[in-house]
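structure-v7.txt follows (compact mmCIF, C-alpha atoms):
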# COMPACT_ATOMS: atom_id res chain seq x y z
CA MET K 1 -86.44 6.90 11.71
CA VAL K 2 -84.11 8.34 9.10
CA SER K 3 -82.40 10.58 11.66
CA LYS K 4 -81.81 7.63 14.00
CA LEU K 5 -80.35 5.58 11.14
CA PHE K 6 -78.14 8.53 10.16
CA ALA K 7 -76.96 8.96 13.75
CA SER K 8 -76.18 5.25 14.05
CA THR K 9 -74.27 5.30 10.78
CA CYS K 10 -72.23 8.32 11.90
CA LEU K 11 -71.45 6.69 15.21
CA LEU K 12 -70.30 3.51 13.46
CA PHE K 13 -68.17 5.56 11.04
CA LEU K 14 -66.51 7.52 13.86
CA THR K 15 -65.85 4.30 15.77
CA LEU K 16 -64.15 2.78 12.72
CA ILE K 17 -61.97 5.88 12.31
CA LEU K 18 -60.94 5.71 15.96
CA ILE K 19 -60.05 2.02 15.68
CA LEU K 20 -58.05 2.56 12.49
CA SER K 21 -56.18 5.55 13.92
CA MET K 22 -55.16 3.48 16.94
CA ALA K 23 -54.01 0.64 14.72
CA LEU K 24 -51.89 2.71 12.34
CA PRO K 25 -48.16 2.72 13.19
CA GLN K 26 -46.58 6.01 14.14
CA LEU K 27 -42.98 6.79 13.25
CA ILE K 28 -41.07 7.32 16.48
CA PRO K 29 -43.99 9.07 18.22
CA SER K 30 -41.74 10.85 20.69
CA THR K 31 -39.72 12.54 17.93
CA GLN K 32 -42.66 14.03 16.08
CA VAL K 33 -42.50 17.69 15.11
CA VAL K 34 -44.22 19.90 17.66
CA SER K 35 -46.22 22.97 16.75
CA GLY K 36 -45.82 26.50 18.03
CA SER K 37 -43.02 29.04 18.02
CA ALA K 38 -41.92 28.21 21.58
CA LYS K 39 -39.80 25.34 20.30
CA ASP K 40 -37.02 27.80 19.33
CA ASP K 41 -36.81 29.21 22.87
CA PHE K 42 -34.52 26.47 24.14
CA PHE K 43 -31.84 27.18 21.56
CA GLU K 44 -32.17 30.94 21.76
CA ASN K 45 -31.63 30.74 25.52
CA LEU K 46 -28.79 28.22 25.08
CA PHE K 47 -27.05 30.46 22.55
CA LYS K 48 -27.34 33.49 24.81
CA THR K 49 -25.53 31.65 27.60
CA HIS K 50 -22.51 31.35 25.28
CA PRO K 51 -21.90 34.99 24.27
CA GLY K 52 -19.89 35.52 21.12
CA LYS K 53 -20.25 31.97 19.85
CA PHE K 54 -23.74 32.07 18.37
CA ASP K 55 -24.41 35.77 17.76
CA SER K 56 -24.02 35.39 13.99
CA ILE K 57 -26.21 32.26 14.01
CA LEU K 58 -29.09 34.12 15.67
CA LYS K 59 -28.64 37.05 13.31
CA ASN K 60 -28.33 35.05 10.07
CA ASN K 61 -30.23 31.84 10.87
CA LYS K 62 -32.69 32.20 7.97
CA GLU K 63 -30.09 33.25 5.40
CA TRP K 64 -27.79 30.41 6.46
CA ASN K 65 -30.67 27.92 6.54
CA VAL K 66 -29.77 26.77 10.06
CA GLN K 67 -31.87 23.81 11.22
CA ILE K 68 -31.33 21.92 14.48
CA ILE K 69 -33.02 18.98 16.20
CA TYR K 70 -31.90 18.02 19.71
CA THR K 71 -33.30 14.94 21.44
CA GLN K 72 -32.88 14.76 25.20
CA ILE K 73 -32.86 11.21 26.60
CA ASP K 74 -34.02 10.12 30.04
CA ARG K 75 -33.96 6.50 31.13
CA GLY K 76 -36.65 4.74 33.15
CA LYS K 77 -35.97 2.15 35.84
CA ASN K 78 -36.02 -0.56 33.19
CA GLY K 79 -33.57 1.34 31.00
CA ILE K 80 -36.20 2.26 28.39
CA PRO K 81 -35.42 5.73 26.99
CA GLN K 82 -37.89 8.58 26.93
CA PHE K 83 -37.32 11.43 24.49
CA LYS K 84 -37.89 15.16 24.69
CA ASN K 85 -37.23 17.16 21.57
CA TYR K 86 -36.12 20.71 20.91
CA TYR K 87 -36.04 22.41 17.52
CA PHE K 88 -34.53 25.46 15.90
CA ASN K 89 -35.99 26.82 12.65
CA HIS K 90 -38.28 23.83 12.30
CA THR K 91 -41.49 25.62 11.31
CA GLU K 92 -39.93 26.47 7.96
CA THR K 93 -37.57 23.86 6.57
CA PRO K 94 -36.23 25.02 3.20
CA TYR K 95 -34.48 22.53 0.96
CA PHE K 96 -30.87 21.73 1.79
CA TYR K 97 -28.58 19.43 -0.17
CA PRO K 98 -27.88 16.45 2.16
CA ALA K 99 -24.66 15.37 0.42
CA SER K 100 -23.09 12.36 2.16
CA ALA K 101 -25.72 12.27 4.92
CA VAL K 102 -27.84 10.13 2.55
CA LYS K 103 -25.29 7.35 2.99
CA LEU K 104 -26.84 6.44 6.35
CA PRO K 105 -30.19 5.14 5.01
CA ILE K 106 -28.46 3.55 2.02
CA ALA K 107 -26.14 1.52 4.29
CA LEU K 108 -29.13 0.34 6.31
CA LEU K 109 -31.07 -0.59 3.18
CA ALA K 110 -28.06 -2.51 1.83
CA LEU K 111 -27.99 -4.68 4.96
CA GLN K 112 -31.75 -5.11 4.75
CA LYS K 113 -31.46 -6.26 1.13
CA ILE K 114 -28.68 -8.68 2.08
CA ASN K 115 -30.98 -10.21 4.69
CA GLU K 116 -33.62 -10.66 1.99
CA LEU K 117 -31.05 -12.70 0.02
CA LYS K 118 -29.76 -14.82 2.92
CA THR K 119 -31.63 -17.92 1.67
CA LYS K 120 -29.25 -17.86 -1.30
CA GLY K 121 -26.27 -18.11 1.05
CA ILE K 122 -25.41 -14.41 0.90
CA ASP K 123 -24.27 -12.23 3.78
CA ARG K 124 -22.57 -8.84 4.01
CA ASN K 125 -19.11 -10.43 3.52
CA THR K 126 -20.02 -12.38 0.38
CA THR K 127 -18.04 -11.35 -2.71
CA MET K 128 -20.09 -8.96 -4.85
CA ILE K 129 -19.00 -8.17 -8.40
CA THR K 130 -20.45 -5.08 -10.04
CA GLU K 131 -20.55 -5.15 -13.84
CA ALA K 132 -21.37 -2.55 -16.47
CA ASN K 133 -24.09 -2.84 -19.11
CA TYR K 134 -25.35 0.70 -19.74
CA SER K 135 -24.11 4.16 -20.61
CA ARG K 136 -21.23 5.34 -18.36
CA GLN K 137 -21.55 2.49 -15.90
CA THR K 138 -18.27 1.22 -14.43
CA PRO K 139 -17.47 -2.26 -13.10
CA VAL K 140 -15.76 -3.43 -9.89
CA TYR K 141 -13.91 -6.78 -9.89
CA ASN K 142 -11.60 -6.37 -6.89
CA ASP K 143 -11.01 -4.29 -3.77
CA PRO K 144 -7.39 -3.94 -2.57
CA THR K 145 -8.62 -2.55 0.78
CA SER K 146 -10.38 -5.78 1.83
CA PRO K 147 -8.57 -8.70 3.52
CA ASP K 148 -9.05 -11.04 0.52
CA GLY K 149 -8.93 -8.36 -2.17
CA LYS K 150 -12.58 -8.91 -3.10
CA PRO K 151 -15.41 -6.37 -2.94
CA ASN K 152 -18.32 -6.92 -0.57
CA ILE K 153 -21.12 -4.98 1.13
CA ALA K 154 -19.40 -4.92 4.53
CA GLN K 155 -16.29 -3.29 3.09
CA TYR K 156 -18.33 -0.61 1.32
CA ILE K 157 -20.17 0.20 4.55
CA LYS K 158 -16.92 0.45 6.48
CA LYS K 159 -15.55 2.97 3.99
CA ILE K 160 -18.78 4.97 4.07
CA PHE K 161 -18.62 5.53 7.82
CA LEU K 162 -14.85 5.69 8.31
CA VAL K 163 -14.07 8.27 5.62
CA SER K 164 -17.38 8.89 3.77
CA ASN K 165 -16.15 7.25 0.57
CA ASN K 166 -18.34 8.26 -2.40
CA ASP K 167 -17.56 5.26 -4.59
CA ALA K 168 -18.68 2.96 -1.77
CA PHE K 169 -22.02 4.77 -1.68
CA ASN K 170 -22.36 4.48 -5.45
CA ARG K 171 -21.81 0.71 -5.33
CA LEU K 172 -24.51 0.29 -2.69
CA TYR K 173 -26.82 2.54 -4.75
CA GLU K 174 -26.21 0.27 -7.74
CA PHE K 175 -26.72 -2.89 -5.68
CA LEU K 176 -30.06 -1.66 -4.36
CA GLY K 177 -31.40 0.13 -7.41
CA GLN K 178 -33.16 3.49 -7.38
CA GLU K 179 -36.66 2.02 -7.19
CA TYR K 180 -35.92 -0.20 -4.17
CA ILE K 181 -34.27 2.69 -2.31
CA ASN K 182 -37.13 5.13 -2.70
CA SER K 183 -40.01 2.69 -2.34
CA GLU K 184 -38.53 1.22 0.85
CA LEU K 185 -37.90 4.64 2.39
CA SER K 186 -41.47 5.59 1.58
CA LYS K 187 -42.82 2.42 3.22
CA LYS K 188 -40.92 3.27 6.39
CA GLY K 189 -42.43 6.74 6.66
CA TYR K 190 -39.83 8.80 4.79
CA GLY K 191 -41.99 9.55 1.79
CA GLU K 192 -40.53 13.00 1.18
CA ALA K 193 -37.08 11.52 0.50
CA GLN K 194 -35.84 11.34 -3.07
CA ILE K 195 -32.51 9.55 -3.60
CA LEU K 196 -31.97 10.14 -7.29
CA HIS K 197 -28.30 9.91 -8.16
CA ARG K 198 -24.83 8.60 -7.49
CA LEU K 199 -22.35 10.94 -5.83
CA GLU K 200 -19.45 12.71 -7.54
CA GLU K 201 -20.61 11.38 -10.92
CA GLU K 202 -22.15 13.73 -13.48
CA LEU K 203 -24.71 11.34 -14.98
CA THR K 204 -28.03 12.05 -16.66
CA GLU K 205 -31.36 11.31 -14.99
CA ASP K 206 -31.75 8.29 -17.27
CA GLU K 207 -28.27 6.99 -16.42
CA ASN K 208 -29.02 7.27 -12.70
CA ARG K 209 -32.32 5.41 -13.15
CA HIS K 210 -30.32 2.52 -14.64
CA THR K 211 -28.24 0.55 -12.14
CA ASN K 212 -25.56 -2.03 -12.81
CA PRO K 213 -25.76 -5.82 -13.13
CA ILE K 214 -24.65 -7.56 -9.91
CA LYS K 215 -23.23 -11.04 -9.21
CA PHE K 216 -22.49 -12.71 -5.88
CA TYR K 217 -19.89 -15.49 -5.62
CA ASN K 218 -19.35 -18.12 -2.94
CA ASN K 219 -15.94 -19.28 -1.61
CA ARG K 220 -15.63 -21.74 -4.53
CA ASN K 221 -15.92 -18.85 -6.96
CA GLU K 222 -19.38 -20.03 -8.06
CA ILE K 223 -22.15 -17.58 -8.91
CA ILE K 224 -24.88 -17.92 -6.28
CA TYR K 225 -26.97 -14.90 -7.28
CA SER K 226 -27.10 -12.81 -10.42
CA ARG K 227 -29.18 -9.75 -11.24
CA ALA K 228 -29.40 -7.96 -14.55
CA VAL K 229 -29.28 -4.20 -15.09
CA GLN K 230 -32.23 -2.47 -13.41
CA TYR K 231 -34.35 0.51 -14.41
CA ASN K 232 -36.56 2.60 -12.13
CA PHE K 233 -39.98 3.38 -13.61
CA LEU K 234 -41.21 5.30 -10.55
CA LYS K 235 -42.41 8.87 -11.08
CA PHE K 236 -41.33 11.34 -8.41
CA PRO K 237 -43.32 14.39 -7.30
CA SER K 238 -41.92 17.53 -8.89
CA ARG K 239 -39.88 19.90 -6.72
CA ASN K 240 -38.79 23.50 -7.01
CA ASN K 241 -35.47 23.68 -5.18
CA LEU K 242 -33.39 26.68 -6.22
CA VAL K 243 -30.22 27.48 -4.28
CA GLY K 244 -27.89 30.49 -4.35
CA LYS K 245 -27.86 33.43 -6.74
CA ALA K 246 -25.37 32.10 -9.33
CA TYR K 247 -23.26 29.06 -10.14
CA TYR K 248 -20.41 27.88 -12.31
CA GLN K 249 -21.03 25.26 -14.97
CA LYS K 250 -17.86 24.11 -16.71
CA ASP K 251 -16.09 27.40 -15.87
CA ILE K 252 -19.02 29.46 -17.17
CA LEU K 253 -20.80 31.65 -14.60
CA LYS K 254 -24.58 31.31 -14.76
CA SER K 255 -26.24 34.36 -13.20
CA GLU K 256 -29.21 32.49 -11.76
CA PRO K 257 -29.90 30.15 -8.84
CA MET K 258 -28.77 26.54 -9.24
CA ASP K 259 -31.60 24.05 -9.69
CA PHE K 260 -31.46 21.16 -7.20
CA SER K 261 -34.87 19.73 -8.12
CA LYS K 262 -33.30 16.60 -9.60
CA LYS K 263 -30.75 16.14 -6.84
CA ASN K 264 -30.98 14.02 -3.70
CA SER K 265 -33.35 15.26 -1.04
CA ILE K 266 -34.26 14.14 2.47
CA SER K 267 -35.41 16.19 5.45
CA LEU K 268 -33.31 16.68 8.57
CA GLN K 269 -36.18 15.19 10.58
CA SER K 270 -36.07 11.98 8.51
CA LEU K 271 -32.30 11.65 8.89
CA HIS K 272 -32.65 12.27 12.62
CA ASN K 273 -35.42 9.66 12.94
CA ILE K 274 -33.42 7.10 10.96
CA LEU K 275 -30.50 7.46 13.36
CA VAL K 276 -32.82 7.20 16.38
CA SER K 277 -34.34 4.04 14.86
CA LEU K 278 -30.86 2.53 14.53
CA VAL K 279 -29.81 3.25 18.10
CA PHE K 280 -33.21 2.49 19.66
CA PRO K 281 -35.10 0.19 17.25
CA GLU K 282 -37.58 -0.71 19.99
CA LYS K 283 -38.90 2.87 19.90
CA ILE K 284 -40.55 2.50 16.50
CA HIS K 285 -43.21 0.23 15.04
CA ASP K 286 -41.79 -3.00 13.64
CA THR K 287 -43.22 -2.29 10.16
CA GLN K 288 -41.06 0.83 9.99
CA ARG K 289 -37.78 -0.65 11.16
CA PHE K 290 -34.99 -1.49 8.78
CA ASN K 291 -34.95 -5.28 8.52
CA ILE K 292 -31.45 -5.86 9.84
CA THR K 293 -30.09 -8.25 12.45
CA ASN K 294 -28.69 -7.16 15.80
CA ASP K 295 -25.26 -8.17 14.51
CA ASP K 296 -25.77 -5.85 11.51
CA ARG K 297 -26.83 -3.08 13.86
CA ASN K 298 -23.69 -3.45 16.00
CA PHE K 299 -21.57 -3.62 12.84
CA ILE K 300 -22.88 -0.23 11.69
CA LEU K 301 -22.66 1.35 15.14
CA LYS K 302 -19.06 0.20 15.47
CA TYR K 303 -17.90 1.78 12.21
CA MET K 304 -20.05 4.89 12.68
CA SER K 305 -18.11 5.63 15.86
CA ALA K 306 -14.65 4.36 14.82
CA TYR K 307 -11.78 6.62 13.80
CA PRO K 308 -9.87 5.95 10.55
CA ARG K 309 -6.68 5.14 12.52
CA GLU K 310 -8.53 2.30 14.25
CA SER K 311 -9.15 0.44 10.99
CA SER K 312 -6.83 -2.15 9.43
CA PHE K 313 -8.97 -3.11 6.44
CA PRO K 314 -9.16 -0.49 5.04
CA SER K 315 -6.11 1.20 6.54
CA TYR K 316 -5.66 4.98 6.45
CA ASP K 317 -2.68 7.26 6.98
CA THR K 318 -2.56 10.25 9.32
CA ALA K 319 -4.13 12.53 6.69
CA TYR K 320 -7.41 10.89 7.71
CA HIS K 321 -7.61 12.48 11.15
CA ASP K 322 -10.06 11.46 13.88
CA SER K 323 -12.60 14.21 13.30
CA LEU K 324 -12.61 13.90 9.51
CA THR K 325 -16.34 13.12 9.49
CA LYS K 326 -17.15 14.24 13.07
CA PHE K 327 -18.40 17.80 12.64
CA ILE K 328 -20.59 18.03 15.74
CA PHE K 329 -18.56 18.74 18.89
CA PHE K 330 -15.12 18.53 17.20
CA GLY K 331 -15.32 20.85 14.18
CA LEU K 332 -11.84 21.38 12.70
CA GLN K 333 -9.96 19.69 15.57
CA LYS K 334 -7.35 17.37 14.02
CA ASP K 335 -5.49 15.84 16.95
CA ASN K 336 -6.42 12.40 18.31
CA LEU K 337 -9.74 12.49 20.13
CA GLN K 338 -10.50 11.25 23.63
CA ASN K 339 -11.95 7.76 23.73
CA ASN K 340 -14.49 8.37 26.51
CA ILE K 341 -16.53 10.40 24.01
CA ARG K 342 -17.80 8.59 20.94
CA ILE K 343 -19.98 10.06 18.23
CA PHE K 344 -22.20 7.75 16.18
CA ASN K 345 -22.98 9.86 13.15
CA LYS K 346 -23.15 10.53 9.44
CA SER K 347 -22.19 13.91 8.09
CA GLY K 348 -22.37 15.60 4.71
CA GLN K 349 -20.52 18.47 3.04
CA ALA K 350 -21.15 19.87 -0.47
CA TYR K 351 -22.24 23.02 -2.30
CA GLY K 352 -21.65 25.07 0.85
CA GLN K 353 -24.04 22.95 2.92
CA LEU K 354 -22.72 21.31 6.09
CA THR K 355 -24.85 18.65 7.80
CA ASP K 356 -24.31 16.24 10.68
CA VAL K 357 -26.69 13.72 12.23
CA ALA K 358 -25.22 12.45 15.49
CA TYR K 359 -25.72 10.43 18.67
CA VAL K 360 -23.20 11.71 21.21
CA VAL K 361 -22.08 9.44 24.06
CA ASP K 362 -19.73 10.08 26.99
CA PHE K 363 -19.02 6.79 28.76
CA LYS K 364 -17.22 8.45 31.67
CA ASN K 365 -19.91 11.00 32.55
CA LYS K 366 -22.87 8.86 31.43
CA ILE K 367 -24.11 11.33 28.84
CA GLU K 368 -26.12 10.56 25.72
CA PHE K 369 -28.11 12.75 23.34
CA PHE K 370 -29.05 13.12 19.70
CA VAL K 371 -28.37 16.26 17.70
CA SER K 372 -28.85 16.87 13.99
CA ALA K 373 -27.92 20.14 12.36
CA THR K 374 -27.41 21.72 8.97
CA ILE K 375 -26.07 25.12 7.91
CA TYR K 376 -25.49 26.81 4.54
CA CYS K 377 -22.00 28.36 4.47
CA ASN K 378 -21.87 30.35 1.24
CA SER K 379 -21.82 34.08 1.88
CA ASP K 380 -21.23 35.08 -1.76
CA GLY K 381 -24.20 33.01 -2.97
CA ILE K 382 -22.18 31.48 -5.82
CA LEU K 383 -22.03 27.70 -6.11
CA ASN K 384 -19.23 25.60 -7.65
CA ASP K 385 -16.68 28.39 -7.12
CA ASP K 386 -14.90 26.49 -4.32
CA LYS K 387 -15.27 29.54 -2.08
CA TYR K 388 -17.37 28.31 0.79
CA ASP K 389 -17.32 29.39 4.43
CA TYR K 390 -16.92 25.97 6.00
CA ASP K 391 -13.89 26.90 8.11
CA THR K 392 -15.12 30.31 9.26
CA ILE K 393 -18.86 29.62 9.73
CA GLY K 394 -19.79 25.94 9.36
CA PHE K 395 -17.25 23.98 11.39
CA PRO K 396 -17.10 26.49 14.28
CA PHE K 397 -20.91 26.37 14.48
CA MET K 398 -20.95 22.56 14.57
CA LYS K 399 -18.25 22.43 17.25
CA ASN K 400 -19.85 25.13 19.40
CA LEU K 401 -23.29 23.57 19.08
CA GLY K 402 -22.10 20.12 20.13
CA GLN K 403 -20.11 21.46 23.06
CA ALA K 404 -22.92 23.76 24.25
CA LEU K 405 -25.36 20.83 24.29
CA TYR K 406 -22.74 18.64 25.98
CA ASP K 407 -22.24 21.27 28.71
CA HIS K 408 -26.00 21.47 29.11
CA GLU K 409 -26.15 17.68 29.53
CA LEU K 410 -23.31 17.74 32.08
CA LYS K 411 -25.36 20.07 34.29
CA ARG K 412 -28.71 18.36 33.69
CA LYS K 413 -29.89 16.18 36.58
CA LYS K 414 -30.84 12.62 35.67
CA ASP K 415 -32.64 10.30 38.05
CA ILE K 416 -31.20 7.20 36.39
CA GLU K 417 -27.85 6.98 34.62
CA PRO K 418 -27.86 5.16 31.28
CA ASP K 419 -26.12 1.83 30.85
CA LEU K 420 -23.96 2.50 27.78
CA SER K 421 -21.92 -0.71 27.93
CA SER K 422 -23.52 -2.14 24.78
CA LEU K 423 -21.98 0.72 22.81
CA ILE K 424 -18.39 -0.08 23.79
CA PHE K 425 -16.71 -1.78 20.84
CA ASP K 426 -13.30 -3.31 20.26
CA TYR K 427 -12.04 -1.09 17.46
CA HIS K 428 -8.73 -2.95 17.12
Could I get this structure in the form of structure tokens?
Amino acid sequence: MVSKLFASTCLLFLTLILILSMALPQLIPSTQVVSGSAKDDFFENLFKTHPGKFDSILKNNKEWNVQIIYTQIDRGKNGIPQFKNYYFNHTETPYFYPASAVKLPIALLALQKINELKTKGIDRNTTMITEANYSRQTPVYNDPTSPDGKPNIAQYIKKIFLVSNNDAFNRLYEFLGQEYINSELSKKGYGEAQILHRLEEELTEDENRHTNPIKFYNNRNEIIYSRAVQYNFLKFPSRNNLVGKAYYQKDILKSEPMDFSKKNSISLQSLHNILVSLVFPEKIHDTQRFNITNDDRNFILKYMSAYPRESSFPSYDTAYHDSLTKFIFFGLQKDNLQNNIRIFNKSGQAYGQLTDVAYVVDFKNKIEFFVSATIYCNSDGILNDDKYDYDTIGFPFMKNLGQALYDHELKRKKDIEPDLSSLIFDYH
């Protein structure tokens, strides 16, 4: 009798587990990490078909912390994409400093937060004044780059994607607050991410946990929403992220690795998945999508793919060349780029680390694919010495990688060509 009761209980328990596992949302199932060493074979074979371009990458891939994710896209008869993923160095994913690549999720969260405030009459173009009420905070009362001279979320996002402006990121970080950023990323399945600080500002951990007071104004210059200074009480899991063999601190050489344990962190897989979720929101569970409108989505895609010369507000001179933030496929190329190829991306460059997360589209040849890559370009192992190997190692790698995958896509047979018309924007 007891054994029958035990067996029935076990059966009920297993049934409940099965039901729960089927009900739980999965983050972009088709972009999950696959197991086994065979996943590097694709890239090793690809690199060997381009002799001389990737020899040093194959030889130094561990030392240079090279990580790559490539998502191949095939369309069904109804246009729904199916993904196949290839990885390089994905079994071991050491820490890398993401730099400006973290601006992608922050821009999406800023639009999500705006949508949460829409009942107060706020949208991405509403005037937002940033004030200061804590140690080393700085205010923003105007923005000469906007059409009306007033700061707003839309203008900050434009500057983030057009030229990777750090102050624009900092203002969105302050608008959102550190707690909102990290708790929302965790809810969406990016629990390993830690966005802990502003960029290009040497602030303490406490100062970064405090974020500025914010006020929104309507067209009659009336305050329609006000928020006091915020403080993040969340505790983050400890990390042990040491990089390099030495570093400079205020012109003093420290003969030890630099500690990045309190700096921003997010995996390449998470950045890749976030971009996939932006381009193909229908491919993920609705509880894990960023809560943005389709108009918001097109707004971000437009400025992700635009060149600085195509913008009037803000406007940029010729020093801001087309490939300024387009590392994949273009590298150091500085002449005007061809319009049939557009790259929807967010890149990052700091401390010798070069990263790009990109969706590459060729409207003429009906090509589309995702590729995310990062590489550490610091042969002397010393940080903050301004002697990095971006030009000799990093940018050539990014260009060669993008073009090798593009050539592979050109030769790859597709049963159904993608309809890319929704990605054609009027940049002028």
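In this comparison, which uses all atoms listed in the file, the residue of K:Ile274, K:Val102, K:Ile195, K:Leu268 approaching Asn89 (chain K) most closely is K:Leu268.
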- Query: Which residues, written as an NGL selection string, have at least one atom at most 9 Å from Ile160 (chain K), with all atoms listed in the file counted and residues fewer than 5 positions away on the same chain left out?
  - Reply: :K and (100 or 103-104 or 107 or 155 or 165-169 or 303-304 or 346)
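Relative to CA of Phe330 (chain K), CA of Phe47 (chain K) is found at 17.7 Å.
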- Tell me, in Å to one decimal, how far CA of Ile393 (chain K) is from CA of Leu275 (chain K).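 Pair CA of Ile393 (chain K) / CA of Leu275 (chain K) returns 25.3 Å.
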Dump as a Markdown table the rows for residues of region 184-228 of chain K within 12 Å of region 244-261 of chain K: closest atom pair and distance in Å with one decimal, all atoms listed in the file counted, ordered by chain and rising residue number.
| residue | atom | partner | partner_atom | distance |
| --- | --- | --- | --- | --- |
| K:Gln194 | CA | K:Ser261 | CA | 9.8 |
| K:Ile195 | CA | K:Ser261 | CA | 11.4 |
| K:Leu196 | CA | K:Ser261 | CA | 10.1 |
| K:His197 | CA | K:Phe260 | CA | 11.7 |
| K:Glu202 | CA | K:Gln249 | CA | 11.7 |
| K:Glu205 | CA | K:Ser261 | CA | 11.4 |
- Item | Using only C-alpha atoms: which of K:Glu310, K:Asp41, K:Glu409, K:Asp286 has the shortest distance to Phe370 (chain K) |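 The closest residue to Phe370 (chain K) is K:Glu409.
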- Message: Around the point (-8.5, 7.6, 16.6) (coordinates from the file), which residues reach within 12 Å if we count all atoms listed in the file? Answer as a PyMOL selection string.
- Response: chain K and resi 162+303+305-311+316-326+334-343+427-428
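Distances to Glu116 (chain K) were evaluated for K:Val243, K:Phe290, K:Asp385, K:Lys48 using only C-alpha atoms, and the minimum falls at K:Phe290.
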- Query: Mind pulling up the distance from CA of Glu174 (chain K) to CA of Thr119 (chain K)?
  - Reply: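 We find that CA of Thr119 (chain K) and CA of Glu174 (chain K) lie 21.2 Å from each other.
Checking K:Asn133, K:Thr374, K:Asn264, K:Thr93 one by one against Leu354 (chain K), counting all atoms listed in the file, you find the shortest gap at K:Thr374.
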- Message: Just want the 8 Å neighbourhood of Tyr87 (chain K), counted on only C-alpha atoms, with same-chain residues fewer than 5 positions away dropped. Output as a ChimeraX atom specification.
- Response: /K:39-40,42-43,67-70
Mind writing the picked residues with C-alpha atoms as a short mmCIF file (atom, residue, chain, number, x, y, z; two decimals), in the coordinates of the input?
data_model
loop_
_atom_site.label_atom_id
_atom_site.label_comp_id
_atom_site.auth_asym_id
_atom_site.auth_seq_id
_atom_site.Cartn_x
_atom_site.Cartn_y
_atom_site.Cartn_z
CA LYS K 39 -39.80 25.34 20.30
CA ASP K 40 -37.02 27.80 19.33
CA PHE K 42 -34.52 26.47 24.14
CA PHE K 43 -31.84 27.18 21.56
CA GLN K 67 -31.87 23.81 11.22
CA ILE K 68 -31.33 21.92 14.48
CA ILE K 69 -33.02 18.98 16.20
CA TYR K 70 -31.90 18.02 19.71
#
- Message: So that I can see what lies close to Leu172 (chain K), please list as a VMD selection string the residues with an atom at most 8 Å from it, counting all atoms listed in the file and leaving out residues fewer than 4 positions away in the same chain.
- Response: chain K and resid 106 to 107 110 153 156 168 176
- Task: Could you tell me which of K:Leu410, K:Val66, K:Ala404, K:Val276 comes closest to Asp362 (chain K) if we count only C-alpha atoms?
- Result: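 Nearest candidate to Asp362 (chain K) out of K:Leu410, K:Val66, K:Ala404, K:Val276: K:Leu410.
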- Item | Ref. answer, residues at most 7 Å from (-33.8, 12.5, 23.3) with only C-alpha atoms, as a list of chain:residue names | K:Tyr70, K:Thr71, K:Gln72, K:Ile73, K:Gln82, K:Phe83, K:Lys84, K:Asn85, K:Phe369, K:Phe370
